Structure formats: structure tokens, C-alpha cells
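Shown next: data-v7.tsv, given as TSV, C-alpha atoms and all ligand atoms.
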chain	number	residue	atom	x	y	z
A	1	MET	CA	-3.14	-0.63	1.00
A	2	LEU	CA	-0.33	-1.16	-1.48
A	3	LEU	CA	1.76	1.10	-3.63
A	4	ARG	CA	1.73	-0.59	-7.01
A	5	GLU	CA	3.72	1.97	-8.95
A	6	VAL	CA	5.78	5.01	-8.15
A	7	GLU	CA	6.90	7.48	-10.75
A	8	LEU	CA	8.97	10.63	-10.18
A	9	VAL	CA	10.12	13.27	-12.63
A	10	ASN	CA	12.62	15.94	-11.59
A	11	PHE	CA	11.86	15.49	-7.92
A	12	ARG	CA	14.81	16.89	-5.91
A	13	ASN	CA	17.93	15.09	-7.19
A	14	ILE	CA	15.92	12.32	-8.89
A	15	PRO	CA	15.59	13.11	-12.63
A	16	GLU	CA	13.42	10.15	-13.52
A	17	LEU	CA	12.24	7.07	-11.70
A	18	LYS	CA	9.65	4.41	-12.29
A	19	LEU	CA	9.36	1.43	-10.02
A	20	THR	CA	6.97	-1.33	-9.07
A	21	PRO	CA	7.53	-1.91	-5.38
A	22	ASN	CA	7.47	-5.17	-3.49
A	23	PRO	CA	4.18	-5.67	-1.57
A	24	GLY	CA	6.32	-6.34	1.50
A	25	LEU	CA	9.76	-5.00	2.28
A	26	ASN	CA	11.52	-2.44	0.05
A	27	LEU	CA	15.04	-1.43	1.02
A	28	LEU	CA	16.74	1.68	-0.34
A	29	VAL	CA	20.42	1.48	0.29
A	30	GLY	CA	23.08	4.06	-0.53
A	31	GLU	CA	25.72	6.44	0.72
A	32	ASN	CA	24.84	9.78	2.30
A	33	GLY	CA	23.30	12.44	0.09
A	34	GLN	CA	22.23	10.13	-2.76
A	35	GLY	CA	18.43	10.56	-2.73
A	36	LYS	CA	17.08	7.92	-0.33
A	37	SER	CA	15.16	10.37	1.85
A	38	ASN	CA	14.06	12.25	-1.25
A	39	PHE	CA	12.27	9.15	-2.45
A	40	LEU	CA	10.38	8.71	0.85
A	41	GLU	CA	9.58	12.42	0.91
A	42	ALA	CA	7.93	12.14	-2.51
A	43	VAL	CA	5.74	9.21	-1.48
A	44	LEU	CA	4.77	10.88	1.79
A	45	ILE	CA	3.66	14.04	0.00
A	46	LEU	CA	0.83	12.11	-1.65
A	47	ALA	CA	-0.38	10.91	1.76
A	48	ILE	CA	-0.22	14.19	3.68
A	49	THR	CA	-0.38	16.81	0.86
A	50	LYS	CA	2.92	18.50	1.63
A	51	SER	CA	6.58	18.01	2.35
A	52	LEU	CA	7.67	17.96	5.97
A	53	ARG	CA	11.13	19.29	5.27
A	54	ALA	CA	10.73	21.71	2.38
A	55	GLY	CA	10.04	25.31	3.37
A	56	LYS	CA	8.81	26.04	-0.14
A	57	ASP	CA	7.44	23.69	-2.78
A	58	SER	CA	9.96	25.06	-5.27
A	59	GLU	CA	12.73	23.29	-3.30
A	60	LEU	CA	11.19	20.01	-4.46
A	61	ILE	CA	11.79	20.78	-8.12
A	62	ARG	CA	15.12	19.55	-9.43
A	63	ILE	CA	17.55	22.44	-9.70
A	64	GLY	CA	17.65	23.68	-13.29
A	65	GLU	CA	14.17	22.31	-14.11
A	66	ASP	CA	10.79	24.04	-14.15
A	67	ASN	CA	8.40	21.27	-13.13
A	68	SER	CA	8.28	18.24	-10.94
A	69	LEU	CA	5.90	15.31	-10.80
A	70	VAL	CA	5.11	12.66	-8.20
A	71	ARG	CA	2.75	9.89	-9.29
A	72	CYS	CA	1.62	6.74	-7.49
A	73	THR	CA	-0.88	4.01	-8.16
A	74	VAL	CA	-2.42	2.79	-4.94
A	75	GLU	CA	-4.23	-0.51	-4.61
A	76	ARG	CA	-6.87	-0.36	-1.90
A	77	GLU	CA	-8.82	-3.13	-0.25
A	78	ILE	CA	-11.94	-1.22	0.69
A	79	ASP	CA	-12.17	1.01	-2.35
A	80	SER	CA	-11.18	1.05	-5.98
A	81	ASP	CA	-7.55	1.65	-6.88
A	82	ALA	CA	-6.43	5.25	-7.23
A	83	ARG	CA	-3.92	7.03	-9.38
A	84	LEU	CA	-2.58	10.02	-7.50
A	85	GLU	CA	-0.42	12.77	-8.93
A	86	MET	CA	1.00	16.00	-7.63
A	87	LEU	CA	2.58	18.52	-9.94
A	88	PHE	CA	4.87	21.33	-8.90
A	89	SER	CA	5.85	24.20	-11.12
A	90	ARG	CA	8.05	27.26	-10.68
A	91	THR	CA	5.50	29.44	-12.44
A	92	GLU	CA	2.09	28.01	-11.59
A	93	ARG	CA	0.33	26.86	-8.42
A	94	LYS	CA	0.84	23.23	-7.56
A	95	TYR	CA	-2.08	20.95	-8.30
A	96	ILE	CA	-3.12	17.37	-7.85
A	97	ARG	CA	-4.80	14.85	-10.10
A	98	ILE	CA	-6.89	12.05	-8.72
A	99	ASN	CA	-7.60	9.38	-11.32
A	100	GLY	CA	-6.84	11.95	-13.99
A	101	SER	CA	-9.10	14.76	-12.78
A	102	LYS	CA	-7.48	17.96	-11.69
A	103	HIS	CA	-8.00	19.52	-8.23
A	104	THR	CA	-6.40	22.73	-7.01
A	105	ARG	CA	-7.23	22.02	-3.35
A	106	SER	CA	-4.50	19.65	-2.19
A	107	LEU	CA	-6.60	18.56	0.80
A	108	ASP	CA	-8.77	16.62	-1.64
A	109	ILE	CA	-6.03	14.00	-1.84
A	110	LEU	CA	-6.30	13.11	1.87
A	111	GLY	CA	-7.60	9.64	2.54
A	112	TYR	CA	-6.63	8.07	-0.78
A	113	MET	CA	-3.33	6.86	0.54
A	114	ASN	CA	-2.34	6.52	4.16
A	115	ALA	CA	1.26	6.38	5.28
A	116	VAL	CA	3.18	6.28	8.51
A	117	PHE	CA	6.54	7.97	8.27
A	118	PHE	CA	9.49	7.99	10.62
A	119	GLY	CA	12.43	10.31	10.01
A	120	SER	CA	15.16	11.75	12.21
A	121	MET	CA	13.22	15.03	12.48
A	122	ASP	CA	10.54	13.06	14.30
A	123	LEU	CA	12.82	12.73	17.30
A	124	ASP	CA	11.76	16.30	18.08
A	125	ILE	CA	8.33	14.92	18.93
A	126	VAL	CA	9.79	13.50	22.10
A	127	SER	CA	12.78	15.76	22.74
A	128	GLY	CA	11.67	19.13	21.32
A	129	GLU	CA	9.29	21.96	22.14
A	130	PRO	CA	5.51	21.39	22.49
A	131	THR	CA	4.93	22.79	19.01
A	132	TYR	CA	6.48	19.63	17.50
A	133	ARG	CA	4.09	17.46	19.46
A	134	ARG	CA	1.10	19.50	18.32
A	135	ARG	CA	2.29	19.33	14.74
A	136	TYR	CA	2.60	15.58	15.06
A	137	LEU	CA	-0.95	15.26	16.40
A	138	ASN	CA	-2.33	17.49	13.68
A	139	MET	CA	-0.66	15.56	10.92
A	140	GLU	CA	-1.78	12.20	12.24
A	141	ILE	CA	-5.34	13.08	13.04
A	142	SER	CA	-5.74	14.88	9.70
A	143	GLN	CA	-4.97	11.62	7.93
A	144	ILE	CA	-7.95	9.92	9.51
A	145	SER	CA	-10.24	12.93	9.79
A	146	PRO	CA	-10.47	15.56	7.03
A	147	ARG	CA	-12.98	17.36	9.29
A	148	TYR	CA	-10.21	17.83	11.88
A	149	CYS	CA	-8.03	19.33	9.21
A	150	MET	CA	-10.74	21.85	8.29
A	151	ASP	CA	-11.31	22.71	11.96
A	152	LEU	CA	-7.58	23.40	12.30
A	153	SER	CA	-7.61	25.84	9.46
A	154	SER	CA	-10.72	27.59	10.88
A	155	LEU	CA	-9.04	27.70	14.29
A	156	LYS	CA	-5.94	29.31	12.82
A	157	LYS	CA	-7.99	32.10	11.25
A	158	THR	CA	-10.03	32.58	14.42
A	159	LEU	CA	-6.89	32.84	16.55
A	160	GLU	CA	-5.34	35.43	14.23
A	161	GLN	CA	-8.45	37.61	14.43
A	162	ARG	CA	-8.95	37.09	18.14
A	163	ASN	CA	-5.32	37.86	19.01
A	164	HIS	CA	-5.51	40.97	16.87
A	165	LEU	CA	-8.63	42.07	18.74
A	166	LEU	CA	-7.08	41.32	22.16
A	167	LYS	CA	-4.15	43.59	21.26
A	168	GLU	CA	-6.58	46.33	20.18
A	169	MET	CA	-8.42	45.96	23.49
A	170	ARG	CA	-5.15	46.22	25.37
A	171	ASP	CA	-3.94	49.25	23.42
A	172	HIS	CA	-7.27	51.11	23.17
A	173	PRO	CA	-9.36	50.26	26.22
A	174	GLY	CA	-12.85	51.66	26.74
A	175	ARG	CA	-14.14	51.05	23.22
A	176	ASP	CA	-16.82	48.55	22.31
A	177	TYR	CA	-15.39	45.23	21.14
A	178	ALA	CA	-17.08	42.10	19.78
A	179	LEU	CA	-14.87	39.58	21.57
A	180	ASP	CA	-17.81	37.29	22.41
A	181	ALA	CA	-18.30	36.40	18.76
A	182	TRP	CA	-14.66	35.29	18.48
A	183	ASP	CA	-14.92	33.43	21.78
A	184	SER	CA	-17.77	31.30	20.51
A	185	GLN	CA	-15.88	30.46	17.31
A	186	LEU	CA	-12.80	29.61	19.31
A	187	VAL	CA	-14.82	27.34	21.59
A	188	GLN	CA	-16.58	25.70	18.66
A	189	TYR	CA	-13.50	24.79	16.59
A	190	GLY	CA	-11.20	24.43	19.58
A	191	SER	CA	-13.44	21.97	21.44
A	192	ASP	CA	-13.85	19.77	18.39
A	193	ILE	CA	-10.08	19.62	18.00
A	194	ILE	CA	-9.51	18.95	21.70
A	195	SER	CA	-12.16	16.20	21.76
A	196	ARG	CA	-10.51	14.54	18.79
A	197	ARG	CA	-7.08	14.74	20.42
A	198	GLU	CA	-8.48	13.31	23.65
A	199	ILE	CA	-10.01	10.35	21.82
A	200	ILE	CA	-6.99	9.65	19.61
A	201	LEU	CA	-4.42	9.88	22.40
A	202	GLY	CA	-6.65	7.66	24.56
A	203	ARG	CA	-6.52	5.05	21.79
A	204	LEU	CA	-2.82	5.55	21.00
A	205	ASN	CA	-1.66	5.13	24.59
A	206	PRO	CA	-2.34	1.39	25.05
A	207	LEU	CA	-1.24	0.60	21.49
A	208	ALA	CA	2.07	2.45	21.89
A	209	SER	CA	2.60	0.94	25.31
A	210	ASN	CA	2.26	-2.61	23.89
A	211	ILE	CA	4.59	-1.87	21.01
A	212	HIS	CA	7.15	-0.22	23.26
A	213	SER	CA	7.15	-3.27	25.45
A	214	TYR	CA	7.68	-5.45	22.34
A	215	LEU	CA	10.52	-3.30	20.98
A	216	THR	CA	12.33	-3.31	24.31
A	217	ASP	CA	11.63	-6.97	24.97
A	218	GLY	CA	9.61	-6.09	28.04
A	219	ALA	CA	12.35	-3.95	29.58
A	220	GLU	CA	10.56	-0.59	29.46
A	221	ASN	CA	7.11	0.74	30.05
A	222	LEU	CA	5.72	3.68	28.02
A	223	GLU	CA	2.78	5.86	28.93
A	224	ILE	CA	1.38	8.72	26.85
A	225	ARG	CA	-0.68	11.46	28.45
A	226	TYR	CA	-2.57	14.33	26.88
A	227	LEU	CA	-1.87	17.67	28.57
A	228	PRO	CA	-4.60	20.05	27.44
A	229	SER	CA	-4.30	23.76	28.19
A	230	PHE	CA	-7.19	23.63	30.68
A	231	PRO	CA	-8.28	20.75	32.87
A	232	PHE	CA	-11.18	18.40	32.14
A	233	PRO	CA	-11.76	14.82	33.25
A	234	SER	CA	-10.20	12.15	31.08
A	235	GLY	CA	-12.78	10.69	28.70
A	236	ALA	CA	-14.93	13.86	28.90
A	237	LYS	CA	-17.70	14.20	26.30
A	238	PRO	CA	-17.38	16.97	23.67
A	239	GLU	CA	-20.18	18.98	25.32
A	240	GLU	CA	-18.40	18.89	28.67
A	241	ILE	CA	-15.15	20.07	27.04
A	242	ARG	CA	-17.04	22.88	25.32
A	243	CYS	CA	-18.50	24.13	28.63
A	244	LYS	CA	-15.14	23.95	30.43
A	245	PHE	CA	-13.45	25.80	27.58
A	246	ALA	CA	-16.06	28.58	27.62
A	247	ASP	CA	-15.82	28.95	31.43
A	248	GLU	CA	-12.04	29.02	31.27
A	249	LEU	CA	-12.08	31.75	28.62
A	250	ILE	CA	-14.23	33.94	30.86
A	251	SER	CA	-11.92	33.47	33.81
A	252	LYS	CA	-8.83	34.26	31.69
A	253	ARG	CA	-10.33	37.22	29.86
A	254	SER	CA	-8.64	40.06	31.74
A	255	GLU	CA	-5.25	38.32	31.59
A	256	GLU	CA	-5.67	37.69	27.87
A	257	ILE	CA	-6.44	41.36	27.26
A	258	ARG	CA	-3.49	42.42	29.39
A	259	ARG	CA	-1.14	40.15	27.41
A	260	GLY	CA	-2.86	40.63	24.06
A	261	VAL	CA	-2.90	36.93	23.21
A	262	THR	CA	-5.13	33.83	23.52
A	263	LEU	CA	-3.88	31.82	26.46
A	264	ILE	CA	-5.93	28.64	26.25
A	265	GLY	CA	-6.97	26.33	23.46
A	266	PRO	CA	-5.48	23.62	21.24
A	267	GLN	CA	-2.57	25.93	20.31
A	268	ARG	CA	-1.30	25.50	23.89
A	269	ASP	CA	-1.73	21.72	24.23
A	270	ASP	CA	1.08	19.30	24.97
A	271	ILE	CA	1.69	15.56	25.26
A	272	LEU	CA	3.71	13.84	27.97
A	273	PHE	CA	5.73	10.69	27.25
A	274	MET	CA	6.70	8.73	30.33
A	275	VAL	CA	9.24	5.91	30.22
A	276	ASP	CA	9.15	3.88	33.43
A	277	GLY	CA	7.39	6.77	35.14
A	278	LYS	CA	9.88	9.46	34.09
A	279	ASP	CA	9.38	12.27	31.55
A	280	ALA	CA	11.14	10.96	28.40
A	281	ARG	CA	11.91	14.47	27.17
A	282	LEU	CA	14.06	15.15	30.22
A	283	TYR	CA	15.38	11.76	31.23
A	284	ALA	CA	15.38	9.28	28.34
A	285	SER	CA	18.58	8.52	26.39
A	286	GLN	CA	18.85	9.09	22.65
A	287	GLY	CA	18.13	5.43	21.88
A	288	GLN	CA	15.23	5.41	24.32
A	289	GLN	CA	13.77	8.56	22.79
A	290	ARG	CA	14.09	7.00	19.35
A	291	THR	CA	12.28	3.90	20.61
A	292	VAL	CA	9.46	6.03	22.08
A	293	THR	CA	9.07	7.82	18.74
A	294	LEU	CA	8.95	4.49	16.94
A	295	SER	CA	6.40	3.07	19.35
A	296	LEU	CA	4.27	6.11	18.69
A	297	LYS	CA	4.58	5.74	14.93
A	298	LEU	CA	3.81	2.03	14.94
A	299	ALA	CA	0.85	2.65	17.24
A	300	GLU	CA	-0.36	5.09	14.66
A	301	TYR	CA	-0.06	2.34	12.07
A	302	GLU	CA	-2.49	0.26	14.15
A	303	LEU	CA	-4.83	3.19	14.58
A	304	ILE	CA	-4.95	4.06	10.89
A	305	ASN	CA	-5.46	0.39	10.14
A	306	GLU	CA	-8.49	0.46	12.44
A	307	PHE	CA	-9.94	3.76	11.19
A	308	ALA	CA	-9.27	3.34	7.49
A	309	GLY	CA	-10.04	-0.39	7.50
A	310	GLU	CA	-6.71	-1.29	5.90
A	311	PRO	CA	-3.05	-0.93	6.81
A	312	PRO	CA	-1.12	2.20	5.82
A	313	ILE	CA	2.21	2.12	4.03
A	314	VAL	CA	5.21	2.35	6.35
A	315	LEU	CA	8.13	4.66	5.45
A	316	LEU	CA	11.17	4.45	7.73
A	317	ASP	CA	14.00	6.85	7.04
A	318	ASP	CA	17.34	6.02	8.59
A	319	VAL	CA	15.54	4.35	11.45
A	320	LEU	CA	18.19	1.90	12.61
A	321	SER	CA	20.87	4.24	13.91
A	322	ASP	CA	21.01	4.72	17.70
A	323	LEU	CA	19.18	1.44	18.30
A	324	ASP	CA	20.96	-1.51	19.89
A	325	ASP	CA	20.91	-4.90	18.11
A	326	SER	CA	17.98	-6.22	20.09
A	327	ARG	CA	15.76	-3.17	19.40
A	328	ARG	CA	16.75	-3.21	15.72
A	329	ASN	CA	15.77	-6.86	15.39
A	330	GLN	CA	12.50	-6.36	17.19
A	331	LEU	CA	11.65	-3.37	14.98
A	332	LEU	CA	12.44	-5.17	11.74
A	333	ASN	CA	10.53	-8.23	12.91
A	334	TRP	CA	7.54	-6.05	13.69
A	335	VAL	CA	7.52	-4.53	10.21
A	336	PHE	CA	8.51	-7.62	8.26
A	337	GLY	CA	5.53	-9.58	6.97
A	338	ARG	CA	3.04	-7.12	8.41
A	339	CYS	CA	2.80	-4.40	5.81
A	340	GLN	CA	4.31	-2.77	2.76
A	341	SER	CA	7.33	-0.86	3.94
A	342	PHE	CA	10.11	1.29	2.52
A	343	ILE	CA	13.23	1.46	4.64
A	344	THR	CA	16.31	3.54	3.87
A	345	CYS	CA	19.74	2.53	5.13
A	346	THR	CA	23.40	2.96	4.33
A	347	ASN	CA	24.13	-0.79	4.52
A	348	LEU	CA	22.23	-4.07	4.71
A	349	ARG	CA	23.93	-5.52	7.77
A	350	SER	CA	20.85	-5.40	10.02
A	351	PHE	CA	18.68	-7.51	7.74
A	352	THR	CA	18.42	-11.30	8.04
A	353	PRO	CA	19.02	-13.49	4.95
A	354	GLU	CA	15.29	-14.33	4.94
A	355	MET	CA	14.38	-10.64	4.85
A	356	LEU	CA	16.88	-9.94	2.07
A	357	GLU	CA	15.60	-12.85	0.07
A	358	ARG	CA	12.01	-11.64	0.21
A	359	ALA	CA	12.72	-7.91	-0.07
A	360	ASP	CA	13.26	-5.72	-3.11
A	361	VAL	CA	16.57	-3.94	-2.67
A	362	TYR	CA	17.29	-0.69	-4.50
A	363	ARG	CA	20.67	0.94	-4.78
A	364	VAL	CA	20.37	4.75	-4.66
A	365	ASN	CA	23.22	6.61	-6.25
A	366	ASP	CA	23.20	10.31	-7.21
A	367	GLY	CA	19.44	10.35	-7.80
A	368	ASP	CA	19.45	7.08	-9.68
A	369	VAL	CA	17.39	4.30	-8.06
A	370	LYS	CA	18.15	0.80	-9.37
A	371	LYS	CA	16.90	-2.60	-8.23
A	372	ILE	CA	19.79	-4.89	-7.35
A	373	ASN	CA	20.25	-8.54	-6.50
A	374	VAL	CA	21.78	-9.32	-3.14
A	375	GLU	CA	23.31	-12.68	-2.49
A	401	LIG	N1	15.77	20.54	-5.66
A	401	LIG	C1	16.88	19.79	-5.74
A	401	LIG	N2	17.53	19.64	-6.94
A	401	LIG	C2	18.63	18.89	-7.03
A	401	LIG	N3	19.20	18.23	-5.99
A	401	LIG	C3	18.60	18.34	-4.79
A	401	LIG	C4	17.42	19.11	-4.60
A	401	LIG	N4	17.05	19.04	-3.30
A	401	LIG	C5	17.97	18.25	-2.71
A	401	LIG	N5	18.90	17.83	-3.59
A	401	LIG	C6	20.05	16.96	-3.34
A	401	LIG	O1	19.59	15.72	-2.80
A	401	LIG	C7	20.63	15.20	-1.98
A	401	LIG	C8	20.08	14.74	-0.66
A	401	LIG	O2	19.27	13.67	-0.87
A	401	LIG	P1	18.69	12.85	0.37
A	401	LIG	O3	18.33	13.74	1.47
A	401	LIG	O4	17.64	11.99	-0.20
A	401	LIG	O5	19.97	12.00	0.77
A	401	LIG	P2	20.04	10.59	1.49
A	401	LIG	O6	20.38	9.57	0.47
A	401	LIG	O7	18.81	10.39	2.28
A	401	LIG	O8	21.31	10.81	2.44
A	401	LIG	P3	21.55	10.51	4.00
A	401	LIG	O9	22.02	9.09	4.07
A	401	LIG	O10	22.63	11.46	4.33
A	401	LIG	O11	20.29	10.76	4.72
A	401	LIG	C9	21.63	16.29	-1.71
A	401	LIG	O12	22.81	16.00	-2.38
A	401	LIG	C10	20.95	17.52	-2.27
A	401	LIG	O13	21.86	18.42	-2.80
A	402	MG	MG	18.44	10.64	4.27
Render the structure in this file as C-alpha cells.
Ligand SMILES: Nc1ncnc2c1ncn2[C@@H]1O[C@H](COP(=O)(O)OP(=O)(O)OP(=O)(O)O)[C@@H](O)[C@H]1O
Ligand SMILES: [Mg+2]
Amino acid sequence: MLLREVELVNFRNIPELKLTPNPGLNLLVGENGQGKSNFLEAVLILAITKSLRAGKDSELIRIGEDNSLVRCTVEREIDSDARLEMLFSRTERKYIRINGSKHTRSLDILGYMNAVFFGSMDLDIVSGEPTYRRRYLNMEISQISPRYCMDLSSLKKTLEQRNHLLKEMRDHPGRDYALDAWDSQLVQYGSDIISRREIILGRLNPLASNIHSYLTDGAENLEIRYLPSFPFPSGAKPEEIRCKFADELISKRSEEIRRGVTLIGPQRDDILFMVDGKDARLYASQGQQRTVTLSLKLAEYELINEFAGEPPIVLLDDVLSDLDDSRRNQLLNWVFGRCQSFITCTNLRSFTPEMLERADVYRVNDGDVKKINVE
């Protein structure tokens, strides 16, 4: 998969941009606060339908302007090329256009362009609360399974209703309540999500472990484990997970009513990252945590490549800080020559002359993105 053209209008601090990226390495270099991350954010939006850092879409529109546009042309190996657009407005709902036809459901864009993104916020996946790890899983699995994404949204609605009912049951006992109906919905959507997570993490683990070993030149071992909210044997079939989930709900029912909240299900899942047998969240250094996150992201590259049948685009935002020279070199070697990538940095010191010769280098300055020649 290749980005052939990127066009932005009034996106954050970028008033206007049109570029034809290199099919390999693209470097965006500039001082702090110039628009490097903004560029990656725009591209990522077309892959995952929304911004990871904006609370509201209106933040994406350049201050003082009313509309914003992100447009990409994607060349795909297994399908025809696609022209993807997303339009944001201060007065109307955002909408997308796929090959010129308008859709108001942004989910429709999923699957046209796959991207793997690494940004400093991703460090929370390893070091932060479980909610970051669940968000990570949801975002990644949604890219390869629109069905998962729909199950998530059904689960969210089911949980809201079920939690509301549990509170009612706690506050007004003795009445007749239809909790069973919500239980079966919870089990239905929840088990599908859990089965998917089980499969994906089972596939990610060996991939990430190999990559981690490569990045650290064999010095460290990484293991990823799924920690679901109720126990089931690893590799369990969906039907088995469904039965366990239903049994567990029955055994937790009185506690759930007493606390007025759903205590088991995908909303309580977690993932454990172990570096050399120790929990990376508690024991790994900053550089080690960054390496774990990168191993995870690059493993995801492999997984998307397998599922989608072609490699995703790789977007690395400020990825080199905190890494020692050896890990930096290994990372850049991994990316270089493998895929189309966009890497932001504040200087070009980490790149070899060969990389710089083959890359397109863009200078980003106050929202202006210009291709430059580096000697
Ligand atoms: N909606 C907006 N309209 C205008 N400017 C904006 C908007 N949103 C963000 N900005 C500006 O964009 C700039 C930040 O851009 P960005 O995050 O891309 O910087 P960066 O080049 O990645 O810097 P760093 O190296 O520090 O990560 C800030 O100066 C910010 O004020
Ligand atoms: Mg930045």
C-alpha cells in the first residue's frame, strides 16, 4: 500500500499542502511546534477515522478558518486505487468521500488505507492504566476487522443500559427486572470481542518477541500476555469463551447488583508486557518501555500485512528520542527498504548517508512543508 498523494487544506497549522511522497522513506524535519506531528495526524485520520489527540474535530480546523480537508490517494496492490477525503466544518457534521462519493458514516473509510502509527502518547500503552491498553487493542483490531468495531459499539450501548439497570436493582430491590436479556447481549458481543483479542494477541506475541529481539540485538526477551477479566484456557474456542462468560456473570450477579456496575467483560481486560520475565510497566526503563511499544507497533505492521494482504503505511512520530544508538540503528534498518514510512525528527543525525540519499526530506516550518535537498 502506498500513499501517492497527500493534500491538506487548513488542517491545524498547515494552510495548504500538496505532496507526492517517496514510496520508501519520507523524513519530516523541523523545530518544535512547526507542524510535523500535525501532518502525521492528518494521514492517520484517514486510516482510523478519527484523531487520537483531538478532543473535538473542530480543533483540527485551522484557527480562523471554517473548514478543513484531508485528502489522500492510495495505491493498493490487492484492490483498485482509492481517493479518500475527510472534510471537517465548524457548522456541519464531518463527512468522508471515497472515490468522490459522499458518506456520513466515517466507519465506511476503514480498510481503504492501513497505517501503523507510533507517537509519544503510545508509551502509555506500556506504562499507563489498562484503559490505554484496551484502546490500543480496539484501534488495532478495528483496522483489520470492521465487524469488531461494530461489536464494540454494540457493547458500549449494552453496558450503558446494563449498568443503569444494575443501579436500579440496587436502589429499588424487589421489583421485576429484565437483566437476563442484557446478559445475553453482553455475552454475545463481549465474547466475540474477547475471542478476537485472544486470537490477535496470540498472533502478536511471537511477532513482537522476534522484533524486540532484533531491536535489542538479542539482549532482551519480550512476552505479551492477554489478561481477560475471567479465566479461560489459552486458545479457547469462541463457544467455550461464551459459556465461561455466561457462567461467570451468574456467579457475579449479586456483587454486580450490590455495586451497580458490570464487573466482567472486555471493558475490564488488560495486557501484560514482560521484559526478561518482569512486568515492563513496573520495572522497565523509559528506553525499554519505548522499545516494547515499538516492538508492538512493528508486530502490528506484520499482522496487518498478513490480514490485509499488503503492508500498511508506517508513521513514526518523534520515535528516536530515548533510544540508544544501537536501538535507533536497528529500528531505522528495520523500516528502511521494507515499507513506505513517514518519520518526524528535529534533526537528521541518526540517518545514514544511504538513507538520506534515497529518502525524501521535507523541512517543516510554521505549517509550511517543503521538500529539500540534503547533501
Ligand atoms: N487548529 C489549529 N490552528 C492553528 N494552529 C494549530 C492548530 N492546532 C495546532 N496548531 C499549532 O500547531 C503547532 C503544533 O504542531 P505539531 O504538534 O505538529 O508540532 P511538531 O512540529 O510536531 O513539534 P514537536 O517537535 O514539538 O513535536 C502548535 O504551534 C499549535 O499552536
Ligand atoms: Mg510533534
*Pick out the residues no farther than 9 Å from ligand MG 402 (chain A), counting only C-alpha atoms and all ligand atoms, and list them as a PyMOL selection string.*
chain A and resi 32-38+40+119-120+317-318+344-345
*Find the residue from A:Cys243, A:Met1, A:Val70, A:Val275 that sits nearest to Pro23 (chain A); use only C-alpha atoms when measuring.*
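Answer, going by the shortest atom-to-atom distance: A:Met1.
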*asked:* Measuring between only C-alpha atoms and all ligand atoms, which one of A:Glu5, A:Glu220, A:Asp122, A:Asp368 shows the shortest distance to ligand LIG 401 (chain A)?
replied: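 Looking at the shortest contact to ligand LIG 401 (chain A), the residue is A:Asp368.
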Considering all atoms listed in the file, return as a CSV table (one decimal) with C-alpha atoms, keeping the file's coordinate frame whatever protein or nucleic-acid residues lie within 6 Å of Phe88 (chain A), sequence-local ones (same chain, fewer than 6 positions apart) excluded.
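Written out: around.csv:
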chain,number,residue,atom,x,y,z
A,67,ASN,CA,8.4,21.3,-13.1
A,68,SER,CA,8.3,18.2,-10.9
A,94,LYS,CA,0.8,23.2,-7.6
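Remark: for Ile61 (chain A), the closest of the candidate residues A:Asp108, A:Ile200, A:Leu27, A:Asn13 is A:Asn13 (distances computed over all atoms listed in the file).
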*Out of A:Thr346, A:Thr216, A:Ser153, A:Ser341, which residue has the shortest atom-to-atom distance to ligand LIG 401 (chain A) when counting all atoms listed in the file?*
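Nearest candidate to ligand LIG 401 (chain A) out of A:Thr346, A:Thr216, A:Ser153, A:Ser341: A:Thr346.
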*asked:* As an exercise, work out the distance from atom O3 of ligand LIG 401 (chain A) to CA of Arg76 (chain A) in Å and give it to one decimal place.
replied: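 We find that atom O3 of ligand LIG 401 (chain A) and CA of Arg76 (chain A) lie 29.1 Å from each other.
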Around all listed atoms of region 254-268 of chain A, padded 6 Å per side, what centre and edge lengths does the axis-aligned box have in Å to one decimal, as AutoDock Vina command-line options?
--center_x -4.9 --center_y 33.0 --center_z 26.0 --size_x 19.5 --size_y 30.8 --size_z 23.4
*Please identify all polymer residues within 10 Å of Ala208 (chain A), counting all atoms listed in the file, omitting same-chain residues fewer than 3 positions from it, and present them as a count of residues only.*
22
Long-range neighbours of region 141-150 of chain A as an mmCIF file with C-alpha atoms, in the coordinates of the input, 8 Å cut-off, all atoms listed in the file, 5 positions minimum in chain:
data_model
loop_
_atom_site.group_PDB
_atom_site.id
_atom_site.type_symbol
_atom_site.label_atom_id
_atom_site.label_comp_id
_atom_site.auth_asym_id
_atom_site.auth_seq_id
_atom_site.Cartn_x
_atom_site.Cartn_y
_atom_site.Cartn_z
ATOM 1 C CA ALA A 47 -0.380 10.910 1.760
ATOM 2 C CA ILE A 48 -0.220 14.190 3.680
ATOM 3 C CA LEU A 107 -6.600 18.560 0.800
ATOM 4 C CA LEU A 110 -6.300 13.110 1.870
ATOM 5 C CA GLY A 111 -7.600 9.640 2.540
ATOM 6 C CA ASN A 114 -2.340 6.520 4.160
ATOM 7 C CA ASP A 192 -13.850 19.770 18.390
ATOM 8 C CA ILE A 193 -10.080 19.620 18.000
ATOM 9 C CA ARG A 196 -10.510 14.540 18.790
ATOM 10 C CA ARG A 197 -7.080 14.740 20.420
ATOM 11 C CA ILE A 200 -6.990 9.650 19.610
ATOM 12 C CA ILE A 304 -4.950 4.060 10.890
ATOM 13 C CA PHE A 307 -9.940 3.760 11.190
ATOM 14 C CA ALA A 308 -9.270 3.340 7.490
#
_Given only C-alpha atoms as the counted atoms, nearest of A:Asp366, A:Asp124, A:Asp217, A:Glu256 to Leu166 (chain A)_ = A:Glu256
*Selection: 7 Å around Asn22 (chain A), only C-alpha atoms, excl. self and same-chain fewer than 3 positions, as number ranges by chain*: A: 25-26, 359-360
_Best match for closeness to ligand LIG 401 (chain A) among A:Leu320, A:Met274, A:Gln188, A:Arg328, counting only C-alpha atoms and all ligand atoms_ = A:Leu320
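Across the model, the gap from CA of Leu46 (chain A) to CA of Ala82 (chain A) is 11.4 Å.
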*Selection near Met121 (chain A), 10 Å with all atoms listed in the file, sequence-local residues under 6 positions removed, as a list in words*: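 Everything that qualifies: Leu52, Arg53, Gly128, Tyr132 and Asp317 of chain A.
You will find CA of Met113 (chain A) at 26.8 Å from atom C9 of ligand LIG 401 (chain A).
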